[in-house]
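Participant: run-v6.cif (mmCIF, C-alpha atoms) pasted underneath:
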```cif
data_coords
#
loop_
_atom_site.label_atom_id
_atom_site.label_comp_id
_atom_site.auth_asym_id
_atom_site.auth_seq_id
_atom_site.Cartn_x
_atom_site.Cartn_y
_atom_site.Cartn_z
CA ALA A 799 14.73 9.08 -4.10
CA GLN A 800 13.23 6.41 -1.92
CA LYS A 801 13.38 2.70 -2.54
CA VAL A 802 12.30 -0.46 -0.76
CA THR A 803 13.88 -3.81 -1.54
CA GLN A 804 12.49 -7.19 -0.55
CA ALA A 805 15.02 -9.67 -1.84
CA GLN A 806 12.94 -12.75 -1.03
CA THR A 807 10.42 -13.28 -3.80
CA GLU A 808 8.82 -16.41 -2.36
CA ILE A 809 9.23 -18.36 0.86
CA SER A 810 7.68 -21.69 1.77
CA VAL A 811 7.66 -23.03 5.30
CA VAL A 812 5.91 -25.82 7.11
CA GLU A 813 3.35 -24.87 9.72
CA LYS A 814 4.83 -24.01 13.14
CA GLU A 815 8.18 -22.98 11.68
CA ASP A 816 9.46 -19.45 12.32
CA VAL A 817 9.98 -17.25 9.26
CA THR A 818 11.69 -13.89 8.78
CA LEU A 819 10.88 -11.54 5.92
CA ASP A 820 13.62 -9.11 4.95
CA CYS A 821 13.23 -5.45 4.03
CA VAL A 822 15.96 -2.98 3.12
CA TYR A 823 15.14 0.64 2.39
CA GLU A 824 16.81 3.75 0.98
CA THR A 825 15.88 7.32 1.83
CA ARG A 826 17.55 10.69 2.29
CA ASP A 827 14.92 11.86 4.74
CA THR A 828 15.92 11.99 8.39
CA THR A 829 12.34 11.44 9.51
CA TYR A 830 10.39 8.65 7.91
CA TYR A 831 8.00 5.83 8.68
CA LEU A 832 8.21 2.17 7.84
CA PHE A 833 5.33 -0.26 7.53
CA TRP A 834 4.49 -3.87 6.92
CA TYR A 835 1.29 -4.76 5.10
CA LYS A 836 -0.21 -8.17 4.42
CA GLN A 837 -2.16 -8.97 1.25
CA PRO A 838 -4.05 -12.27 1.59
CA PRO A 839 -5.60 -14.00 -1.42
CA SER A 840 -8.73 -11.87 -1.02
CA GLY A 841 -6.61 -8.92 -2.23
CA GLU A 842 -7.11 -6.27 0.45
CA LEU A 843 -3.94 -4.78 1.91
CA VAL A 844 -4.00 -5.10 5.69
CA PHE A 845 -1.88 -2.81 7.87
CA LEU A 846 0.29 -4.72 10.35
CA ILE A 847 2.86 -2.39 11.91
CA ARG A 848 4.27 1.15 11.73
CA ARG A 849 7.70 2.16 12.97
CA ASN A 850 9.09 5.72 13.20
CA SER A 851 12.67 6.42 12.15
CA PHE A 852 13.49 7.84 15.57
CA ASP A 853 12.24 4.78 17.46
CA GLU A 854 14.51 1.79 17.08
CA GLN A 855 12.90 -0.17 19.86
CA ASN A 856 11.94 -3.56 18.56
CA GLU A 857 8.53 -4.94 19.28
CA ILE A 858 6.76 -8.20 19.73
CA SER A 859 3.04 -8.53 19.22
CA GLY A 860 1.72 -12.02 19.66
CA ARG A 861 3.39 -14.19 17.02
CA TYR A 862 4.76 -11.15 15.16
CA SER A 863 8.00 -9.31 15.88
CA TRP A 864 9.91 -6.60 14.10
CA ASN A 865 13.63 -5.75 13.98
CA PHE A 866 14.40 -2.18 12.89
CA GLN A 867 18.07 -1.25 12.42
CA LYS A 868 18.87 2.21 11.06
CA SER A 869 22.56 1.37 10.76
CA THR A 870 21.80 -1.23 8.08
CA SER A 871 18.56 0.39 6.78
CA SER A 872 16.65 -2.78 7.50
CA PHE A 873 13.20 -3.46 8.87
CA ASN A 874 12.71 -7.20 9.12
CA PHE A 875 9.54 -8.99 10.16
CA THR A 876 9.35 -12.37 11.88
CA ILE A 877 6.39 -14.67 12.29
CA THR A 878 6.84 -17.21 15.07
CA ALA A 879 5.08 -20.57 14.88
CA SER A 880 3.62 -19.86 11.45
CA GLN A 881 0.08 -20.90 10.58
CA VAL A 882 -1.60 -21.65 7.27
CA VAL A 883 -3.62 -18.43 7.63
CA ASP A 884 -0.36 -16.49 7.47
CA SER A 885 -0.07 -17.40 3.79
CA ALA A 886 -0.13 -14.10 1.90
CA VAL A 887 2.04 -11.56 0.14
CA TYR A 888 3.81 -9.26 2.59
CA PHE A 889 4.85 -5.76 1.60
CA CYS A 890 7.29 -3.45 3.29
CA ALA A 891 6.63 0.27 2.72
CA LEU A 892 8.28 3.62 3.44
CA THR A 893 6.94 7.18 3.64
CA PRO A 894 8.23 10.59 4.74
CA TYR A 895 5.37 11.39 7.06
CA GLY A 896 2.42 9.92 5.28
CA GLN A 897 2.97 11.36 1.87
CA ASN A 898 3.89 9.11 -1.03
CA PHE A 899 4.07 5.52 0.28
CA VAL A 900 6.77 3.56 -1.53
CA PHE A 901 6.18 -0.18 -1.49
CA GLY A 902 8.60 -3.01 -2.02
CA PRO A 903 7.88 -5.75 -4.56
CA GLY A 904 6.51 -8.07 -1.89
CA THR A 905 7.39 -11.50 -0.54
CA ARG A 906 4.93 -14.34 -1.10
CA LEU A 907 4.78 -16.55 1.97
CA SER A 908 3.29 -20.01 1.72
CA VAL A 909 2.73 -21.89 4.94
CA LEU A 910 2.16 -25.57 4.28
CA PRO A 911 0.14 -27.77 6.64
CA ASP B 926 -17.85 3.29 9.33
CA THR B 927 -16.36 0.00 8.29
CA GLY B 928 -13.34 1.12 6.30
CA VAL B 929 -12.38 2.36 2.87
CA SER B 930 -14.97 1.53 0.24
CA GLN B 931 -14.36 1.32 -3.50
CA ASP B 932 -16.84 1.01 -6.32
CA PRO B 933 -17.07 -0.86 -8.59
CA ARG B 934 -15.09 -3.93 -7.51
CA HIS B 935 -14.64 -5.06 -11.09
CA LYS B 936 -14.82 -3.24 -14.40
CA ILE B 937 -14.39 -4.63 -17.90
CA THR B 938 -14.21 -2.05 -20.64
CA LYS B 939 -13.32 -1.85 -24.28
CA ARG B 940 -10.16 -0.10 -25.32
CA GLY B 941 -10.80 3.58 -25.94
CA GLN B 942 -13.68 3.90 -23.48
CA ASN B 943 -13.61 6.12 -20.41
CA VAL B 944 -14.00 4.68 -16.92
CA THR B 945 -14.53 6.27 -13.52
CA PHE B 946 -13.89 4.72 -10.12
CA ARG B 947 -15.12 5.96 -6.77
CA CYS B 948 -13.49 5.78 -3.34
CA ASP B 949 -15.09 6.57 -0.01
CA PRO B 950 -12.43 6.93 2.69
CA ILE B 951 -12.72 6.39 6.41
CA SER B 952 -14.77 9.38 7.51
CA GLU B 953 -12.31 11.15 9.80
CA HIS B 954 -9.34 10.69 7.46
CA ASN B 955 -8.04 13.80 5.73
CA ARG B 956 -5.63 12.09 3.32
CA LEU B 957 -6.67 9.96 0.39
CA TYR B 958 -4.37 8.03 -1.92
CA TRP B 959 -4.70 6.23 -5.23
CA TYR B 960 -2.39 3.37 -6.13
CA ARG B 961 -2.18 0.94 -9.03
CA GLN B 962 -1.09 -2.66 -8.64
CA THR B 963 -0.34 -5.11 -11.41
CA LEU B 964 0.03 -8.86 -10.97
CA GLY B 965 3.06 -9.83 -8.95
CA GLN B 966 4.07 -6.25 -8.18
CA GLY B 967 3.79 -3.93 -5.22
CA PRO B 968 1.38 -1.00 -5.30
CA GLU B 969 2.58 2.00 -7.31
CA PHE B 970 1.70 5.47 -6.12
CA LEU B 971 -0.49 7.54 -8.45
CA THR B 972 -1.66 10.56 -6.46
CA TYR B 973 -2.79 11.76 -3.07
CA PHE B 974 -5.04 14.43 -1.59
CA GLN B 975 -5.08 16.23 1.70
CA ASN B 976 -8.65 17.30 2.16
CA GLU B 977 -9.68 18.56 -1.31
CA ALA B 978 -6.18 19.59 -2.43
CA GLN B 979 -4.26 17.25 -4.73
CA LEU B 980 -0.76 17.51 -3.28
CA GLU B 981 1.25 15.10 -5.38
CA LYS B 982 0.96 13.26 -8.66
CA SER B 983 3.24 10.52 -9.88
CA ARG B 984 5.00 10.84 -13.20
CA LEU B 985 3.28 7.53 -13.95
CA LEU B 986 0.00 9.42 -14.13
CA SER B 987 -0.48 10.32 -17.77
CA ASP B 988 -2.77 13.06 -19.02
CA ARG B 989 -5.46 10.43 -19.53
CA PHE B 990 -5.77 10.03 -15.76
CA SER B 991 -7.50 12.56 -13.56
CA ALA B 992 -8.50 12.42 -9.93
CA GLU B 993 -10.75 14.64 -7.88
CA ARG B 994 -11.83 14.99 -4.31
CA PRO B 995 -14.26 17.88 -4.56
CA LYS B 996 -15.44 18.22 -0.98
CA GLY B 997 -12.60 16.54 0.81
CA SER B 998 -14.63 13.38 1.27
CA PHE B 999 -15.02 10.82 -1.52
CA SER B 1000 -12.74 10.77 -4.54
CA THR B 1001 -13.04 9.73 -8.16
CA LEU B 1002 -10.36 8.47 -10.52
CA GLU B 1003 -11.14 8.77 -14.22
CA ILE B 1004 -9.20 7.13 -17.02
CA GLN B 1005 -9.93 8.44 -20.48
CA ARG B 1006 -9.37 6.52 -23.71
CA THR B 1007 -8.38 3.36 -21.86
CA GLU B 1008 -5.53 1.22 -23.17
CA GLN B 1009 -4.77 -2.43 -22.51
CA GLY B 1010 -1.83 -1.37 -20.38
CA ASP B 1011 -4.25 0.27 -17.96
CA SER B 1012 -5.47 -3.17 -16.88
CA ALA B 1013 -4.62 -3.40 -13.19
CA MET B 1014 -6.02 -3.25 -9.69
CA TYR B 1015 -6.68 0.33 -8.62
CA LEU B 1016 -6.37 0.76 -4.89
CA CYS B 1017 -7.61 3.60 -2.75
CA ALA B 1018 -6.34 4.27 0.76
CA SER B 1019 -6.91 6.87 3.43
CA SER B 1020 -5.09 8.10 6.50
CA PHE B 1021 -5.25 10.76 9.15
CA ALA B 1022 -2.32 13.16 8.96
CA GLY B 1023 -1.60 14.43 12.45
CA GLY B 1024 -0.85 13.10 15.90
CA GLY B 1025 1.96 10.92 14.64
CA ASN B 1026 -0.29 8.38 12.98
CA THR B 1027 0.57 7.89 9.34
CA GLU B 1028 -0.58 4.42 8.42
CA ALA B 1029 -2.86 4.18 5.42
CA PHE B 1030 -5.85 1.87 5.32
CA PHE B 1031 -6.72 0.34 1.98
CA GLY B 1032 -9.95 -0.54 0.26
CA GLN B 1033 -10.51 -3.79 -1.58
CA GLY B 1034 -9.66 -2.22 -4.91
CA THR B 1035 -11.25 -1.96 -8.34
CA ARG B 1036 -9.97 -4.48 -10.84
CA LEU B 1037 -9.94 -2.99 -14.32
CA THR B 1038 -9.71 -5.16 -17.43
CA VAL B 1039 -9.36 -3.43 -20.76
CA VAL B 1040 -10.20 -5.68 -23.72
#
```
Turn the structure described in the file into structure tokens.

Facilitator:
Amino acid sequence: AQKVTQAQTEISVVEKEDVTLDCVYETRDTTYYLFWYKQPPSGELVFLIRRNSFDEQNEISGRYSWNFQKSTSSFNFTITASQVVDSAVYFCALTPYGQNFVFGPGTRLSVLP
Amino acid sequence: DTGVSQDPRHKITKRGQNVTFRCDPISEHNRLYWYRQTLGQGPEFLTYFQNEAQLEKSRLLSDRFSAERPKGSFSTLEIQRTEQGDSAMYLCASSFAGGGNTEAFFGQGTRLTVV
């Protein structure tokens, strides 16, 4: 069975602070894919990043960075210098090659001006 | 093509009525997914298609739910004899299986309210 845990239910930060969203996953598959999605108040899920299980290289993209560690089954997401527009619910998700996507419960991020 | 399109965006129905939702995926995508999301929760998988074949159905999907993708393009999700517990956001997503790309792109959803 696959499972995604996001222990942080809600996080509030002040604009320009850095914030890290935690994701821990469980799977028996040796090949799998991990994702982060953002759901702003408008409701549409927006794809942010995909990471393959065989690629542990961490990545930075603008203000976003990701830390994937197979040894601890974690896939954490950091926003640097947060902005009010980053306020949203963020979901971590897992799939064995694009089949059933399993989502975590989400972390609601509020960035205060 | 501007993305995954769902229709209607909102639906209010009386308990016991049947409802049908439509999803038009991104045109080159061969996989199509249906998810359900309730307030404060993450999306829950319902079913997915590869082309016109329905490859997996969740145990959450009761006999009152049926999905089709007759020509491997658009899909419909029908709920028969709706119950108040069916009230939720129904999300459709599509992806292209192949070439190592697996990310799914979501539509804006259909919000169902059963009264």

Participant: Based on all atoms listed in the file, which of the residues in chain A come within 8 Å of chain B? I want them as a PyMOL selection string.

Facilitator: chain A and resi 831+833+841-845+848+889+895-904

Participant: What does the distance between atom CA of Val929 of chain B and atom CA of Arg984 of chain B come to in Å, to one decimal place?

Facilitator: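 Computed distance, atom CA of Val929 of chain B to atom CA of Arg984 of chain B, equals 25.1 Å.
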
Participant: Quick one: residues within 7 Å of segment 875-878 of chain A, all atoms listed in the file, excluding same-chain residues fewer than 5 positions away - as an MDAnalysis selection string?

Facilitator: chainID A and resid 815:820 861:865

Participant: Applying the PyMOL selection byres ((chain A and resi 885) around 10) to the file I just gave you, which residues come out? Please list them as a short mmCIF file (atom, residue, chain, number, x, y, z; two decimals) with C-alpha atoms, keeping the file's coordinate frame.

Facilitator:
```cif
data_model
loop_
_atom_site.label_atom_id
_atom_site.label_comp_id
_atom_site.auth_asym_id
_atom_site.auth_seq_id
_atom_site.Cartn_x
_atom_site.Cartn_y
_atom_site.Cartn_z
CA ILE A 809 9.23 -18.36 0.86
CA SER A 810 7.68 -21.69 1.77
CA VAL A 811 7.66 -23.03 5.30
CA LYS A 836 -0.21 -8.17 4.42
CA GLN A 837 -2.16 -8.97 1.25
CA PRO A 838 -4.05 -12.27 1.59
CA PRO A 839 -5.60 -14.00 -1.42
CA SER A 880 3.62 -19.86 11.45
CA GLN A 881 0.08 -20.90 10.58
CA VAL A 882 -1.60 -21.65 7.27
CA VAL A 883 -3.62 -18.43 7.63
CA ASP A 884 -0.36 -16.49 7.47
CA ALA A 886 -0.13 -14.10 1.90
CA VAL A 887 2.04 -11.56 0.14
CA TYR A 888 3.81 -9.26 2.59
CA ARG A 906 4.93 -14.34 -1.10
CA LEU A 907 4.78 -16.55 1.97
CA SER A 908 3.29 -20.01 1.72
CA VAL A 909 2.73 -21.89 4.94
CA LEU A 910 2.16 -25.57 4.28
#
```

Participant: Please identify all polymer residues within 10 Å of Lys868 of chain A, counting all atoms listed in the file, omitting same-chain residues fewer than 2 positions from it, and present them as a list in words.

Facilitator: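 Contacts, in chain order: Val822, Tyr823, Ser851, Phe852, Asp853, Glu854, Asn865, Phe866, Thr870, Ser871, Ser872 and Phe873 of chain A.
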
Participant: Let me know the centre plus edge lengths, in Å and rounded to one decimal, of a box with edges along x, y and z that contains all listed atoms of segment 1008-1022 of chain B and is padded by 4 Å on every side, as lines of an AutoDock Vina configuration file.

Facilitator:
```
center_x = -4.7
center_y = 4.9
center_z = -7.0
size_x = 13.8
size_y = 24.6
size_z = 40.3
```

Participant: What is the distance between atom CA of Ala799 of chain A and atom CA of Ile1004 of chain B, in Å to one decimal?

Facilitator: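 Between these atoms lies a distance of 27.3 Å.
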
Participant: Kindly give the distance, in Å, that separates atom CA of Glu808 of chain A and atom CA of Ile847 of chain A, rounded to a single decimal.

Facilitator: 20.9 Å

Participant: Go through B:Thr927, B:Thr938, B:Gln979, B:Ser991 one by one, measure the shortest atom-to-atom distance of each to Leu1037 of chain B using only C-alpha atoms, and give the residue with the smallest value.

Facilitator: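 Of the candidates, the smallest distance to Leu1037 of chain B is held by B:Thr938.
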
Participant: Apply the PyMOL selection byres ((chain B and resi 1003) around 8) to the structure shown and report the selected residues as a list in words.

Facilitator: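 Taken on the displayed file, the PyMOL selection byres ((chain B and resi 1003) around 8) yields the residues Asn943, Val944, Thr945, Phe946, Arg989, Phe990, Ser991, Ala992, Thr1001, Leu1002, Ile1004 and Gln1005 of chain B.
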